[in-house]
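This is upload14.json (JSON, C-alpha atoms).
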```json
[["chain", "number", "residue", "atom", "x", "y", "z"],
["Y", 1, "MET", "CA", -70.04, 82.54, -93.35],
["Y", 2, "SER", "CA", -69.35, 81.65, -89.78],
["Y", 3, "ALA", "CA", -66.44, 79.43, -88.90],
["Y", 4, "ILE", "CA", -68.05, 78.95, -85.51],
["Y", 5, "ALA", "CA", -70.68, 76.69, -87.05],
["Y", 6, "ASN", "CA", -67.93, 74.23, -87.91],
["Y", 7, "VAL", "CA", -67.07, 73.45, -84.34],
["Y", 8, "PRO", "CA", -67.39, 69.81, -83.36],
["Y", 9, "THR", "CA", -68.32, 69.13, -79.78],
["Y", 10, "VAL", "CA", -67.82, 66.50, -77.13],
["Y", 11, "THR", "CA", -70.26, 66.49, -74.22],
["Y", 12, "VAL", "CA", -69.75, 64.37, -71.14],
["Y", 13, "LYS", "CA", -71.97, 64.38, -68.05],
["Y", 14, "ARG", "CA", -71.75, 62.89, -64.61],
["Y", 15, "LYS", "CA", -73.95, 63.21, -61.57],
["Y", 16, "ILE", "CA", -71.79, 63.56, -58.51],
["Y", 17, "ALA", "CA", -73.06, 63.27, -54.95],
["Y", 18, "ALA", "CA", -71.56, 66.50, -53.67],
["Y", 19, "PRO", "CA", -72.60, 70.15, -53.60],
["Y", 20, "ALA", "CA", -71.74, 72.30, -56.62],
["Y", 21, "LYS", "CA", -69.62, 74.61, -54.49],
["Y", 22, "LYS", "CA", -67.34, 71.78, -53.42],
["Y", 23, "ILE", "CA", -66.97, 70.36, -56.93],
["Y", 24, "PHE", "CA", -66.40, 73.78, -58.45],
["Y", 25, "ALA", "CA", -63.65, 74.47, -55.94],
["Y", 26, "ALA", "CA", -61.87, 71.27, -56.97],
["Y", 27, "TRP", "CA", -61.35, 72.75, -60.44],
["Y", 28, "LEU", "CA", -59.58, 75.89, -59.32],
["Y", 29, "ASP", "CA", -57.59, 74.73, -56.33],
["Y", 30, "PRO", "CA", -54.18, 73.59, -57.60],
["Y", 31, "ALA", "CA", -53.71, 70.98, -54.85],
["Y", 32, "SER", "CA", -57.09, 69.44, -55.70],
["Y", 33, "LEU", "CA", -56.49, 69.58, -59.44],
["Y", 34, "ALA", "CA", -53.13, 67.87, -59.05],
["Y", 35, "GLU", "CA", -54.89, 65.12, -57.19],
["Y", 36, "TRP", "CA", -57.77, 64.30, -59.51],
["Y", 37, "MET", "CA", -56.66, 65.62, -62.88],
["Y", 38, "ARG", "CA", -54.35, 62.76, -63.68],
["Y", 39, "PRO", "CA", -54.34, 60.00, -66.30],
["Y", 40, "CYS", "CA", -55.59, 57.17, -64.11],
["Y", 41, "SER", "CA", -56.91, 57.81, -60.67],
["Y", 42, "SER", "CA", -54.92, 55.02, -59.11],
["Y", 43, "GLY", "CA", -51.35, 53.94, -59.54],
["Y", 44, "THR", "CA", -50.11, 57.01, -61.34],
["Y", 45, "GLN", "CA", -48.16, 59.89, -60.00],
["Y", 46, "ARG", "CA", -50.18, 62.96, -59.15],
["Y", 47, "SER", "CA", -50.10, 65.78, -61.66],
["Y", 48, "ASP", "CA", -48.40, 69.13, -61.24],
["Y", 49, "ALA", "CA", -50.86, 71.98, -61.34],
["Y", 50, "LYS", "CA", -50.48, 75.73, -61.44],
["Y", 51, "VAL", "CA", -53.55, 77.93, -61.42],
["Y", 52, "ASP", "CA", -54.09, 81.64, -61.77],
["Y", 53, "ALA", "CA", -57.78, 81.54, -60.92],
["Y", 54, "ARG", "CA", -59.08, 84.71, -62.55],
["Y", 55, "VAL", "CA", -60.55, 85.54, -65.92],
["Y", 56, "GLY", "CA", -57.59, 85.90, -68.27],
["Y", 57, "GLY", "CA", -55.42, 83.90, -65.86],
["Y", 58, "ALA", "CA", -53.61, 80.80, -67.07],
["Y", 59, "PHE", "CA", -53.38, 77.27, -65.77],
["Y", 60, "GLU", "CA", -50.91, 74.51, -66.41],
["Y", 61, "ILE", "CA", -51.47, 70.87, -65.62],
["Y", 62, "VAL", "CA", -48.65, 68.43, -66.23],
["Y", 63, "MET", "CA", -49.92, 64.87, -66.24],
["Y", 64, "HIS", "CA", -47.48, 62.05, -65.84],
["Y", 65, "VAL", "CA", -48.08, 59.14, -68.19],
["Y", 66, "PRO", "CA", -45.73, 56.19, -68.73],
["Y", 67, "SER", "CA", -44.28, 57.83, -71.85],
["Y", 68, "GLY", "CA", -43.46, 61.02, -69.98],
["Y", 69, "PRO", "CA", -44.98, 64.28, -68.83],
["Y", 70, "VAL", "CA", -47.87, 65.73, -70.83],
["Y", 71, "ARG", "CA", -48.47, 69.43, -70.48],
["Y", 72, "HIS", "CA", -51.97, 70.89, -70.69],
["Y", 73, "THR", "CA", -52.44, 74.63, -70.62],
["Y", 74, "GLY", "CA", -55.24, 77.10, -70.97],
["Y", 75, "VAL", "CA", -56.68, 80.44, -69.98],
["Y", 76, "TYR", "CA", -59.81, 81.00, -67.92],
["Y", 77, "GLN", "CA", -62.56, 82.74, -69.89],
["Y", 78, "THR", "CA", -65.43, 82.61, -67.41],
["Y", 79, "ILE", "CA", -65.36, 81.93, -63.69],
["Y", 80, "ASP", "CA", -68.91, 81.97, -62.40],
["Y", 81, "ALA", "CA", -68.76, 80.09, -59.10],
["Y", 82, "PRO", "CA", -70.33, 77.65, -58.53],
["Y", 83, "ARG", "CA", -72.23, 77.51, -61.81],
["Y", 84, "ARG", "CA", -69.94, 77.69, -64.80],
["Y", 85, "LEU", "CA", -66.29, 77.52, -65.68],
["Y", 86, "VAL", "CA", -64.98, 78.18, -69.18],
["Y", 87, "PHE", "CA", -61.35, 77.81, -70.22],
["Y", 88, "THR", "CA", -59.28, 77.26, -73.32],
["Y", 89, "TRP", "CA", -57.57, 73.89, -73.51],
["Y", 90, "ASN", "CA", -54.37, 73.11, -75.25],
["Y", 91, "SER", "CA", -52.59, 69.76, -75.23],
["Y", 92, "PRO", "CA", -50.12, 67.82, -77.36],
["Y", 93, "HIS", "CA", -52.91, 65.54, -78.48],
["Y", 94, "ALA", "CA", -54.64, 68.48, -80.10],
["Y", 95, "GLY", "CA", -51.43, 69.51, -81.88],
["Y", 96, "GLN", "CA", -51.23, 72.60, -79.68],
["Y", 97, "HIS", "CA", -54.53, 73.56, -81.21],
["Y", 98, "ASP", "CA", -56.67, 75.61, -78.84],
["Y", 99, "SER", "CA", -60.01, 74.22, -77.90],
["Y", 100, "LEU", "CA", -62.62, 75.47, -75.47],
["Y", 101, "VAL", "CA", -63.94, 73.65, -72.43],
["Y", 102, "THR", "CA", -67.11, 74.70, -70.63],
["Y", 103, "VAL", "CA", -67.97, 73.06, -67.33],
["Y", 104, "ASP", "CA", -71.49, 73.53, -66.02],
["Y", 105, "PHE", "CA", -72.43, 72.63, -62.47],
["Y", 106, "LEU", "CA", -76.15, 71.92, -62.24],
["Y", 107, "PRO", "CA", -77.55, 71.37, -58.74],
["Y", 108, "ASP", "CA", -79.78, 68.29, -58.54],
["Y", 109, "GLY", "CA", -81.04, 67.85, -55.01],
["Y", 110, "GLN", "CA", -78.04, 67.05, -52.84],
["Y", 111, "ALA", "CA", -76.03, 66.12, -55.90],
["Y", 112, "THR", "CA", -74.65, 68.07, -58.82],
["Y", 113, "GLU", "CA", -74.64, 67.21, -62.48],
["Y", 114, "VAL", "CA", -71.33, 68.20, -63.99],
["Y", 115, "VAL", "CA", -71.52, 68.77, -67.74],
["Y", 116, "ILE", "CA", -68.32, 69.18, -69.73],
["Y", 117, "THR", "CA", -68.60, 70.55, -73.23],
["Y", 118, "HIS", "CA", -65.38, 70.49, -75.20],
["Y", 119, "GLU", "CA", -65.30, 72.28, -78.52],
["Y", 120, "ARG", "CA", -62.57, 72.33, -81.04],
["Y", 121, "LEU", "CA", -61.95, 75.79, -82.42],
["Y", 122, "PRO", "CA", -61.36, 76.01, -86.15],
["Y", 123, "GLU", "CA", -58.20, 77.64, -87.50],
["Y", 124, "ALA", "CA", -60.18, 80.60, -88.78],
["Y", 125, "THR", "CA", -61.34, 81.36, -85.27],
["Y", 126, "ARG", "CA", -57.94, 80.79, -83.80],
["Y", 127, "ALA", "CA", -56.38, 83.40, -86.10],
["Y", 128, "GLY", "CA", -58.67, 85.97, -84.57],
["Y", 129, "HIS", "CA", -57.71, 85.15, -80.99],
["Y", 130, "GLU", "CA", -56.18, 88.48, -80.18],
["Y", 131, "ALA", "CA", -59.14, 90.24, -81.77],
["Y", 132, "GLY", "CA", -61.26, 89.20, -78.85],
["Y", 133, "TRP", "CA", -61.99, 86.04, -77.07],
["Y", 134, "THR", "CA", -65.16, 87.43, -75.58],
["Y", 135, "GLU", "CA", -66.68, 87.82, -78.99],
["Y", 136, "ILE", "CA", -65.87, 84.24, -79.87],
["Y", 137, "ILE", "CA", -67.34, 82.96, -76.65],
["Y", 138, "ASP", "CA", -70.49, 85.01, -77.13],
["Y", 139, "SER", "CA", -70.89, 83.50, -80.58],
["Y", 140, "LEU", "CA", -70.35, 80.04, -79.21],
["Y", 141, "ALA", "CA", -72.88, 80.62, -76.47],
["Y", 142, "GLN", "CA", -75.43, 81.82, -79.00],
["Y", 143, "MET", "CA", -74.81, 78.77, -81.15],
["Y", 144, "ILE", "CA", -75.21, 76.43, -78.20],
["Y", 145, "THR", "CA", -78.41, 78.03, -76.98],
["Y", 146, "ALA", "CA", -79.91, 78.53, -80.45],
["D", 1, "MET", "CA", -56.87, 55.16, -70.54],
["D", 2, "VAL", "CA", -56.13, 57.44, -73.46],
["D", 3, "GLU", "CA", -52.89, 57.51, -75.34],
["D", 4, "TYR", "CA", -51.01, 60.49, -76.57],
["D", 5, "LYS", "CA", -49.60, 60.82, -80.05],
["D", 6, "SER", "CA", -46.34, 62.49, -80.86],
["D", 7, "THR", "CA", -46.66, 66.24, -81.23],
["D", 8, "ALA", "CA", -45.54, 66.29, -84.86],
["D", 9, "LYS", "CA", -48.03, 63.66, -85.87],
["D", 10, "ALA", "CA", -50.76, 65.39, -83.90],
["D", 11, "ALA", "CA", -49.98, 68.75, -85.51],
["D", 12, "HIS", "CA", -50.31, 67.24, -88.96],
["D", 13, "ALA", "CA", -53.53, 65.54, -87.92],
["D", 14, "SER", "CA", -54.75, 68.83, -86.57],
["D", 15, "ALA", "CA", -54.76, 70.62, -89.94],
["D", 16, "TRP", "CA", -56.39, 67.63, -91.52],
["D", 17, "LEU", "CA", -59.03, 67.48, -88.85],
["D", 18, "ASP", "CA", -59.93, 71.11, -89.36],
["D", 19, "ALA", "CA", -60.87, 70.35, -92.96],
["D", 20, "SER", "CA", -62.71, 67.19, -91.96],
["D", 21, "PHE", "CA", -64.69, 68.86, -89.22],
["D", 22, "SER", "CA", -65.62, 71.80, -91.41],
["D", 23, "ALA", "CA", -66.80, 69.41, -94.08],
["D", 24, "MET", "CA", -68.84, 67.41, -91.61],
["D", 25, "ALA", "CA", -70.44, 70.43, -89.97],
["D", 26, "ASP", "CA", -73.10, 70.67, -92.66],
["D", 27, "PRO", "CA", -76.15, 68.39, -92.29],
["D", 28, "THR", "CA", -76.46, 67.78, -96.06],
["D", 29, "ARG", "CA", -72.82, 66.74, -96.23],
["D", 30, "ARG", "CA", -73.26, 64.45, -93.25],
["D", 31, "ALA", "CA", -76.26, 62.91, -95.01],
["D", 32, "ILE", "CA", -74.16, 62.41, -98.15],
["D", 33, "LEU", "CA", -71.50, 60.68, -96.05],
["D", 34, "ALA", "CA", -74.14, 58.48, -94.46],
["D", 35, "ARG", "CA", -75.46, 57.59, -97.92],
["D", 36, "LEU", "CA", -71.97, 56.69, -99.12],
["D", 37, "ALA", "CA", -71.34, 54.63, -96.00],
["D", 38, "GLN", "CA", -74.01, 52.25, -97.32],
["D", 39, "ALA", "CA", -72.65, 52.00, -100.84],
["D", 40, "ASP", "CA", -70.66, 53.84, -103.49],
["D", 41, "ALA", "CA", -72.83, 56.08, -105.63],
["D", 42, "ARG", "CA", -72.81, 58.21, -108.75],
["D", 43, "VAL", "CA", -72.99, 61.99, -108.34],
["D", 44, "THR", "CA", -76.34, 61.93, -110.14],
["D", 45, "GLU", "CA", -77.70, 59.30, -107.76],
["D", 46, "ILE", "CA", -76.71, 61.41, -104.78],
["D", 47, "ALA", "CA", -78.35, 64.44, -106.36],
["D", 48, "ALA", "CA", -81.57, 62.49, -106.86],
["D", 49, "ASP", "CA", -81.60, 61.50, -103.19],
["D", 50, "PHE", "CA", -81.45, 65.03, -101.86],
["D", 51, "PRO", "CA", -83.93, 67.89, -102.22],
["D", 52, "VAL", "CA", -81.27, 70.27, -103.51],
["D", 53, "SER", "CA", -80.02, 71.11, -106.99],
["D", 54, "LEU", "CA", -77.33, 69.09, -108.76],
["D", 55, "ASN", "CA", -75.19, 72.20, -108.59],
["D", 56, "ALA", "CA", -75.58, 72.43, -104.81],
["D", 57, "VAL", "CA", -74.83, 68.73, -104.40],
["D", 58, "SER", "CA", -71.72, 69.12, -106.53],
["D", 59, "LYS", "CA", -70.47, 71.88, -104.27],
["D", 60, "HIS", "CA", -71.03, 69.77, -101.18],
["D", 61, "ILE", "CA", -69.22, 66.86, -102.79],
["D", 62, "LYS", "CA", -66.25, 69.05, -103.72],
["D", 63, "ILE", "CA", -65.93, 70.15, -100.09],
["D", 64, "LEU", "CA", -66.01, 66.51, -98.98],
["D", 65, "GLU", "CA", -63.36, 65.64, -101.56],
["D", 66, "ARG", "CA", -61.10, 68.47, -100.42],
["D", 67, "ALA", "CA", -61.35, 67.12, -96.89],
["D", 68, "HIS", "CA", -60.42, 63.68, -98.28],
["D", 69, "LEU", "CA", -63.61, 62.26, -96.84],
["D", 70, "VAL", "CA", -64.85, 61.24, -100.27],
["D", 71, "ARG", "CA", -62.99, 59.95, -103.31],
["D", 72, "ARG", "CA", -64.17, 60.31, -106.88],
["D", 73, "THR", "CA", -63.44, 57.77, -109.62],
["D", 74, "VAL", "CA", -64.31, 58.61, -113.20],
["D", 75, "GLN", "CA", -65.53, 55.61, -115.23],
["D", 76, "GLY", "CA", -66.52, 56.83, -118.66],
["D", 77, "ARG", "CA", -69.28, 59.33, -118.09],
["D", 78, "ASP", "CA", -69.95, 58.17, -114.55],
["D", 79, "HIS", "CA", -68.40, 59.84, -111.55],
["D", 80, "ILE", "CA", -68.44, 57.28, -108.77],
["D", 81, "LEU", "CA", -68.11, 58.50, -105.20],
["D", 82, "THR", "CA", -66.56, 56.38, -102.46],
["D", 83, "LEU", "CA", -66.39, 57.11, -98.77],
["D", 84, "ASN", "CA", -62.86, 57.36, -97.37],
["D", 85, "ALA", "CA", -63.52, 55.55, -94.13],
["D", 86, "GLU", "CA", -59.97, 56.12, -92.94],
["D", 87, "ALA", "CA", -60.40, 59.88, -93.02],
["D", 88, "MET", "CA", -63.71, 59.60, -91.23],
["D", 89, "ALA", "CA", -62.01, 57.62, -88.52],
["D", 90, "GLY", "CA", -59.34, 60.30, -88.13],
["D", 91, "ALA", "CA", -61.94, 62.95, -87.47],
["D", 92, "ALA", "CA", -63.90, 60.76, -85.12],
["D", 93, "GLU", "CA", -60.73, 60.05, -83.18],
["D", 94, "TRP", "CA", -60.53, 63.54, -81.72],
["D", 95, "ILE", "CA", -64.08, 63.23, -80.43],
["D", 96, "ASP", "CA", -63.49, 59.73, -79.07],
["D", 97, "PHE", "CA", -60.25, 60.76, -77.43],
["D", 98, "TYR", "CA", -61.80, 63.64, -75.51],
["D", 99, "ARG", "CA", -64.99, 61.78, -74.67],
["D", 100, "GLN", "CA", -62.90, 59.11, -72.99],
["D", 101, "PHE", "CA", -60.54, 61.70, -71.51],
["D", 102, "TRP", "CA", -63.30, 63.68, -69.81],
["D", 103, "GLU", "CA", -65.20, 60.59, -68.72],
["D", 104, "ASP", "CA", -62.04, 59.40, -66.98],
["D", 105, "ARG", "CA", -61.48, 62.82, -65.44],
["D", 106, "LEU", "CA", -65.07, 63.06, -64.17],
["D", 107, "ALA", "CA", -64.80, 59.63, -62.58],
["D", 108, "SER", "CA", -61.62, 60.77, -60.90],
["D", 109, "LEU", "CA", -63.24, 64.04, -59.81],
["D", 110, "GLU", "CA", -66.14, 62.11, -58.33],
["D", 111, "SER", "CA", -63.81, 59.93, -56.28],
["D", 112, "PHE", "CA", -61.96, 63.01, -55.15],
["D", 113, "VAL", "CA", -64.97, 64.94, -53.90],
["D", 114, "THR", "CA", -67.00, 62.06, -52.51],
["D", 115, "GLN", "CA", -64.42, 59.84, -50.83],
["D", 116, "PRO", "CA", -62.67, 60.64, -47.60],
["D", 117, "ARG", "CA", -59.16, 61.82, -48.30],
["D", 118, "LYS", "CA", -56.59, 59.06, -47.89],
["D", 119, "SER", "CA", -53.05, 60.08, -47.18],
["D", 120, "ALA", "CA", -51.88, 63.34, -48.65],
["D", 121, "LYS", "CA", -48.39, 62.95, -47.27],
["D", 122, "LYS", "CA", -46.50, 64.21, -50.23],
["D", 123, "GLY", "CA", -48.25, 67.56, -50.32],
["D", 124, "ASN", "CA", -48.72, 69.44, -53.52],
["D", 125, "ARG", "CA", -45.84, 70.23, -55.77],
["D", 126, "THR", "CA", -46.09, 73.35, -57.84]]
```
Would you mind writing the structure in this file as structure tokens?
Amino acid sequence: MSAIANVPTVTVKRKIAAPAKKIFAAWLDPASLAEWMRPCSSGTQRSDAKVDARVGGAFEIVMHVPSGPVRHTGVYQTIDAPRRLVFTWNSPHAGQHDSLVTVDFLPDGQATEVVITHERLPEATRAGHEAGWTEIIDSLAQMITA
Amino acid sequence: MVEYKSTAKAAHASAWLDASFSAMADPTRRAILARLAQADARVTEIAADFPVSLNAVSKHIKILERAHLVRRTVQGRDHILTLNAEAMAGAAEWIDFYRQFWEDRLASLESFVTQPRKSAKKGNRT
């Protein structure tokens, strides 16, 4: 039995009129992230972002909402510029439950379609974290492409 | 804009959601939930609706009950199944939350990469 098959998924897409390289860079540059990765694009304080942009490196984004700071953390799993970015995602909303975010950057003429796939990882998978993230991601990739 | 729950509440919801999501991962179980969304039904009625054995249907129903997605009421010899809409909503909430969250973020990202930078006086704090 595979716990992987239990993963629910959220997929969100948006076509953005900019080259993939530029959009990809906005995800790994802390100054850029702090600017756009915030609760509401206008009127709120910019976020605080720390990025260790390498596979196995961590990031921390603290968003400022009216009720206080909200910390989001994760670890980069895949950095394939400017095509794909995969990282774990952990936030208070998820009960500090790791989930996995994959961002695909698909060139479309002068624009780029950005596809975010957010999967919740079941407890069974989470217990095996140390055993090997790569294995989990491979399984996920197989499931997605199957 | 999305709202954040308290961590304790979210942690409790997290364990619950794991069970809900596991239960909903199976297409037959999702079909059973869809059937019950229309009306309550006996176990035997559900079994008749699906091309699987009564035994297999019973197993699926037990998993749904454990996840609190379905409630069973025994009336004489009849076992009536009812959908627990509240539990369904809890599971759907995670998906809704992040759909909205990422849609907001992508809109923000779009503005960031396509619009000329306004003032960046404050600089980045780390």
Legend entry - CA of Ser47 (chain Y) to CA of Leu33 (chain Y), distance in Å rounded to a single decimal: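 Answer for the CA of Ser47 (chain Y) to CA of Leu33 (chain Y) separation: 7.8 Å.
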Each side padded by 5 Å, which centre and which edge lengths in Å (one decimal) define the axis-aligned box around the listed atoms of region 82-85 of chain D? Give them as lines of an AutoDock Vina configuration file.
```
center_x = -64.7
center_y = 56.5
center_z = -98.3
size_x = 13.7
size_y = 11.8
size_z = 18.3
```
Inset, instruction - Would you mind telling me which residue in Y:Lys50, Y:Glu113, Y:Thr78, Y:Lys21 lies nearest to chain D when using only C-alpha atoms? - result: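 Comparing Y:Lys50, Y:Glu113, Y:Thr78, Y:Lys21 against chain D, the winner is Y:Lys50.
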Inset, instruction - Rounded to one decimal place, report the CA of Arg14 (chain Y)-CA of Ala81 (chain Y) distance in Å. - result: 18.3 Å
Inset, instruction - Identify which of the residues Y:Pro92, Y:Pro69, Y:Ser99, Y:Arg83 lies closest to Ile23 (chain Y), counting only C-alpha atoms when measuring atom-to-atom distances. - result: Y:Arg83
Inset, instruction - Take CA of Glu60 (chain Y) and CA of Arg105 (chain D) and report the distance between them in Å, one decimal. - result: 15.8 Å
Legend entry - Using only C-alpha atoms: which of Y:Arg71, Y:Leu106, Y:Val114, Y:Asp80 has the shortest distance to chain D: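 Using only C-alpha atoms, the shortest distance to chain D belongs to Y:Val114.
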Legend entry - Long-range neighbours of Val62 (chain Y) as a list in words, 10 Å cut-off, all atoms listed in the file, 5 positions minimum in chain: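 Final neighbour list, sorted by chain and number: Ala34, Met37, Arg38, Arg46, Ser47, Asp48, Ala49, Lys50, Gly68, Pro69, Val70, Arg71, His72, Thr73 and Ser91 of chain Y.
Minimum distance to chain Y across D:Asp40, D:Glu93, D:Asp78, D:Glu103 (counting all atoms listed in the file) occurs at D:Glu103.
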